[in-house]
Structure formats: structure tokens, C-alpha cells
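These notes concern the structure reproduced below.
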Amino acid sequence: MKPQTHPNYEGLIERARRSRANGRSAAGITPEHIGLARLYSYAFRSHASGAFHATRLALGNRPTTTPLTAAYRRRATETLSDLADLAMDPIATDCRALISTLHRYHQGVQRVIDSLDREYRESDDSEIATIGLITVPESGRERLPELAQEVVAAERELMDMIQSGDSIRQLRDKLVH
């Protein structure tokens, strides 16, 4: 199951993919794209960094069942740690906000979801299905990942702020403070 995301977010991620496929070209990236990428990056910091930390701690308290599930778990926890560390990096005011920062958040979240989903399918450990960033296959317990819920809520909040007519600086200040 794919987490639901706002079309603006999907458009930014697709733009970042195209840019990276073309040598990280800034062609076609507008100030509006940069502003949205910065807002989404700030949203990850303010709304999801706690989920990254809590998920990593919960996973650390759960045993793995096989070497393969241990490898999936290691991939997930290392990526969660990287995502938490990303909050320490400045968010650029140019195209790097999209091509680098937002792209790294998105790729990291996708990597964690994939790793935990694979671990769950390999181990059928019902406890893994209740820990944060997992999407449970069509085995009856359809759940959105905890992080996806946080991001969707952040997207709604961001879209409300954007529609308020505030400047990018005002919006950033609302998110940071």
C-alpha cells in the first residue's frame, strides 16, 4: 500500500527525480518549487523527526528472526539514523532544497518503509506490523505508516499556510518557531 501524498509533493519528487537523472540540472525548477521543497523539508523536521527516533528505538527493542530480517532491520535503523541526522543540515535557499534535501528525506522514508515491509513479509512478525513506518500487505490489517500520517498532516498544514497568502519567510517562521 502506498501512503497518500499531496499532488504538490508528488510533483516535487518527480521534478527532483528528473533533475537528478539529468545530472542534477536546475532547469525547470522555479522559486515556487524551491519554496515548497523548503517547506516540506521543514515539515519533515518539525513533524517527522520524532517518528524517525521513536521508530528506531522501537525497532532496537525487537529481536530479529533470521540473518535476512536482521539485514532489513539494519538497513531501516541506519536509514532512520541518517534521517534524524539530516535535520542538522541547513536547508538551502536554492534548487538544492529540492534536488538534495527533500529528495534525501523522501528516499530515506521510502527505504525505511521498504525495509520494514520486507522484514514483515519475511518474518510475519505481528509486532513489526505495529511499529511506525510499516505498510502491511493485503493480509487483512491495512494500516498507513505512522510517518505517512505525520507527513499527510504536515502537508495539510502547509497547504493551509500557503493558501493564507503569507510570504515564504513568514511560512518558514511559522514552521520553525
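How things are named: the first chain in the C-alpha cells is A, the next is B, and so on; residues count from 1 in each chain; ligands count from 1 in the order shown.
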With only C-alpha atoms counted and 12 Å as the cut-off, give the residues of stretch 30-64 of chain A in contact with stretch 14-20 of chain A, each with its shortest interatomic distance in Å and the pair that gives it, as a Markdown table.
| residue | atom | partner | partner_atom | distance |
| --- | --- | --- | --- | --- |
| A:Thr30 | CA | A:Arg15 | CA | 10.6 |
| A:His33 | CA | A:Arg15 | CA | 8.9 |
| A:Ile34 | CA | A:Ala16 | CA | 10.7 |
| A:Ala37 | CA | A:Ala16 | CA | 9.8 |
Top pick for closest residue to A:Ile131, considering A:Gly60, A:Pro67, A:Pro7, A:Pro90 and counting only C-alpha atoms: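 Closest candidate: A:Gly60.
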Given the choices A:Ala84, A:Ile91, A:Gln110, A:Glu127, which gets closest to A:His47 if the distance is worked out from only C-alpha atoms?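 Using only C-alpha atoms, the shortest distance to A:His47 belongs to A:Ala84.
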Best match for closeness to A:Thr77 among A:Val109, A:Ala27, A:Ser126, A:Asp94, counting only C-alpha atoms: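 Checking each candidate against A:Thr77, we get A:Val109 as the closest.
Near A:Glu122, within 9 Å and counting only C-alpha atoms, sit Thr66, Leu68 and Thr69 of chain A; same-chain residues fewer than 6 positions away were not included.
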Could you write out that same residue set with N, CA and C atoms as a PDB file, in the first residue's frame?
ATOM      1  N   THR A  66      15.928 -13.952  11.560  1.00  0.00           N
ATOM      2  CA  THR A  66      16.870 -14.602  10.644  1.00  0.00           C
ATOM      3  C   THR A  66      17.937 -13.593  10.226  1.00  0.00           C
ATOM      4  N   LEU A  68      18.469 -12.612   7.272  1.00  0.00           N
ATOM      5  CA  LEU A  68      17.860 -11.738   6.281  1.00  0.00           C
ATOM      6  C   LEU A  68      17.021 -10.646   6.943  1.00  0.00           C
ATOM      7  N   THR A  69      16.219 -11.005   7.944  1.00  0.00           N
ATOM      8  CA  THR A  69      15.425  -9.981   8.627  1.00  0.00           C
ATOM      9  C   THR A  69      16.339  -9.024   9.396  1.00  0.00           C
TER      10      THR A  69
END
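Between atom CA of A:Asp89 and atom CA of A:Ala70 lies a distance of 29.2 Å.
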Could you list, as a list in words, every residue within 6 Å of A:Ser115, counting only C-alpha atoms and ignoring same-chain residues fewer than 2 positions away?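 Answer for this query is Tyr72, Ala76, Val112, Ile113, Asp117 and Arg118 of chain A.
If only C-alpha atoms are the atoms counted, then among A:Ser25, A:Ser46, A:Thr130, A:Asn61 the closest residue to A:Arg73 is A:Asn61.
Separating atom CA of A:Arg74 from atom CA of A:Arg56 is a distance of 10.0 Å.
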Can you pull out every residue within 9 Å of A:Gly35, counting only C-alpha atoms, but drop anything in the same chain fewer than 6 positions away, and send it as a PDB file with N, CA and C atoms, in the first residue's frame?
ATOM      1  N   THR A  93      18.634  27.604   0.174  1.00  0.00           N
ATOM      2  CA  THR A  93      17.637  28.550  -0.336  1.00  0.00           C
ATOM      3  C   THR A  93      17.566  28.526  -1.855  1.00  0.00           C
ATOM      4  N   ASP A  94      18.222  27.558  -2.461  1.00  0.00           N
ATOM      5  CA  ASP A  94      18.219  27.443  -3.915  1.00  0.00           C
ATOM      6  C   ASP A  94      17.721  26.043  -4.296  1.00  0.00           C
ATOM      7  N   ALA A  97      17.497  22.686  -2.181  1.00  0.00           N
ATOM      8  CA  ALA A  97      16.424  22.337  -1.241  1.00  0.00           C
ATOM      9  C   ALA A  97      15.571  21.208  -1.811  1.00  0.00           C
ATOM     10  N   LEU A  98      15.372  21.221  -3.112  1.00  0.00           N
ATOM     11  CA  LEU A  98      14.588  20.187  -3.785  1.00  0.00           C
ATOM     12  C   LEU A  98      15.447  19.001  -4.196  1.00  0.00           C
ATOM     13  N   ILE A 168       7.125  33.347   1.891  1.00  0.00           N
ATOM     14  CA  ILE A 168       7.910  32.159   2.227  1.00  0.00           C
ATOM     15  C   ILE A 168       8.582  32.354   3.582  1.00  0.00           C
TER      16      ILE A 168
END
Interatomic distance (Å, one decimal) between atom CA of A:Ile13 and atom CA of A:His103: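 The value is 6.6 Å.
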Within stretch 54-148 of chain A, find each residue whose DSSP state, derived from the backbone, is helix (DSSP H, G or I), and express the selection as JSON, numbers by chain. {"A": [54, 55, 56, 57, 58, 59, 60, 67, 68, 69, 70, 71, 72, 73, 74, 75, 76, 77, 78, 79, 80, 81, 82, 83, 84, 85, 86, 96, 97, 98, 99, 100, 101, 102, 103, 104, 105, 106, 107, 108, 109, 110, 111, 112, 113, 114, 115, 116, 117, 118, 119, 120, 121, 122, 123, 128, 129, 130, 146, 147, 148]}
Which neighbours of A:Ser81 fall inside 12 Å, counting only C-alpha atoms, when residues of the same chain fewer than 2 positions from it are skipped, and could you give them as a list in words?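 Near A:Ser81, the qualifying residues are Ser49, Gly50, Ala51, Phe52, His53, Ala54, Thr55, Arg56, Leu57, Leu59, Gly60, Arg74, Arg75, Ala76, Thr77, Glu78, Thr79, Leu83, Ala84, Asp85, Leu86, Ala87, Met88, Tyr105, Gly108, Val109 and Val112 of chain A.
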Long-range neighbours of A:Thr65 as a VMD selection string, 12 Å cut-off, only C-alpha atoms, 6 positions minimum in chain: chain A and resid 71 to 73 119 to 125 128
